[in-house]
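Here's the structure, in structure tokens; my notes come after.
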Amino acid sequence: MTTAVGLISGGLDSILAARLILEQGIKIQGVSFITPFFNSKGAERAAQAVGIPLQVLDITEPHLAMLRKPKHGYGNNMNPCIDCHILMLKEAGRVMEEGGYDFLFTGEVLGQRPMSQNKASLRVVERESGYEGLVLRPLSAQLLPETMPEHAGKVDREQLVGIKGRSRKEQMELAKRYHITEYLSPAGGCLLTDPIFSRRLGDLFRRPEPVQIRDIELLKIGRHLRLSPAVKLIVGRHAQDNERISTMVIPKDDLLKVEKYPGPLCLIPYGGASEDIAQAASICLRYSDAPSDEEVTVLRRRGGEECRIKARSCPVSLPSELMI
């Protein structure tokens, strides 16, 4: 029996690619990937719906190393799509080799993304992954060079399709044929395509200190303000943010909260100098319900120690000037 490893994202294209391969009686092992920037929840639902096993691989370490300086650059934000696809194919290829599978397949569509899914980029991804000739793109196969599994008769090229471009019309028709109604939106699960998150990540990468996983997780919470080249303030926007901040505090951090008035938790990761704390207290007041024209007490905690700081609310314009 012919066997294949399929990269499953949870999006419609990868689901359709899997269905086209399954129709030919080919056994599929799905793979999906997790990093701090995307998860496998959609892929897990998709694999269950299609009826294939799924192996989830945590590629955080190599992904972070690649993300700092991607060989092929970024997209509109901090999304290094070409390098990311290369990395994923490399990891999926290891699964293919270890399990003795015949080939790899993806849900990529020719021309759907002008920079990362044109013919040249698809060739680069395939070649630099180390699996040239073994990567099948079922949705655009009839428009691409014949792969080794097609040439060997393990896959019937005539039963694949030739979709091209950014229109989703043909995919939607296939979805109706297969009665597929639930799937992720294109690129909807990747934080690296989000402009605000990308700005925060770029700011983090400009710091000389090694990046920790917690640093990345904090980028997903609250408002981020740069107080100085070395010091950042994170301000909770709502109760959920405040709760998440409270669970991520470590002893080196400074945590601030206005006393006696509703307001946000404010976090200085790894702590700040006295002038940073004073400025953070004034910003914390600005986002609270405390009177803007009075001196108010702000509680500051670092490790097991707590102290009280008297402060006044900062000018209205200051937070926006410091916002990352």
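Numbering starts fresh at 1 for the residues of each chain in the structure tokens, the chains themselves are lettered A, B, ... in the order given, and ligands are numbered from 1 as they appear.
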Residue list (strand (DSSP E or B), DSSP) for segment 66-295 of chain A, as a list in words: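 So, restricting segment 66-295 of chain A to strand (DSSP E or B), we get Phe103, Leu104, Phe105, Leu110, Val135, Leu136, Lys164, Leu184, Arg223, His224, Leu225, Arg226, Leu227, Ser228, Val231, Lys232, Leu233, Ile234, Val235, Asp254, Leu255, Leu256, Lys257, Val258, Cys266, Leu267 and Ile268 of chain A.
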message: Residues near segment 2-19 of chain A, anyone? I mean within 8 Å using only C-alpha atoms, not counting same-chain ones fewer than 4 positions away, as a ChimeraX atom specification.
response: /A:23,25-32,40-47,50,92,95-96,101-109,137-139,154,171,174-175,178,183-186
task: May I have the residues within 9 Å of Ile250 of chain A as a PyMOL selection string, using only C-alpha atoms and disregarding those fewer than 4 positions away in the same chain?
output: chain A and resi 254+269-270+302-303
message: Ranking A:Cys190, A:Leu160, A:Leu64, A:Leu22 by minimum distance to Gly51 of chain A and counting only C-alpha atoms, which one comes first?
response: A:Leu22
- request: Give me every helix (DSSP H, G or I) residue in segment 103-141 of chain A, going by DSSP on the backbone, as a list in words.
  value: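 Reading the DSSP output for segment 103-141 of chain A, helix (DSSP H, G or I) covers Lys119, Ala120, Ser121, Leu122, Arg123, Val124, Val125, Glu126, Arg127, Glu128, Ser129 and Ala141 of chain A.
Proximity to Tyr287 of chain A at 9 Å, evaluated using only C-alpha atoms and with sequence-adjacent residues fewer than 6 positions away removed, yields A:Val235, A:Arg237, A:Gly263, A:Pro264, A:Ser313.
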Go ahead and save the residues from that selection, with N, CA and C atoms, as a compact mmCIF listing (two decimals), in the first residue's frame.
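Result went into out11.txt, see below:
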```txt
# COMPACT_ATOMS: atom_id res chain seq x y z
N VAL A 235 0.61 46.57 30.56
CA VAL A 235 -0.57 47.06 31.27
C VAL A 235 -1.77 46.19 30.90
N ARG A 237 -5.44 45.06 30.10
CA ARG A 237 -6.56 45.78 29.49
C ARG A 237 -7.89 45.45 30.15
N GLY A 263 -8.45 49.07 38.63
CA GLY A 263 -7.47 49.39 37.59
C GLY A 263 -6.69 48.16 37.17
N PRO A 264 -5.74 48.35 36.30
CA PRO A 264 -5.01 47.20 35.75
C PRO A 264 -3.87 46.74 36.64
N SER A 313 -1.19 60.70 38.22
CA SER A 313 -1.42 60.19 36.87
C SER A 313 -0.55 60.93 35.86
```
message: Env of Leu256 of chain A: 12 Å cut, atoms = only C-alpha atoms, seq-sep filter 5 positions within chain, self excluded. Answer as a PyMOL selection string.
response: chain A and resi 233-236+242+245-246+249+263-269+271-272+276-285+288+297-302+306-309+311
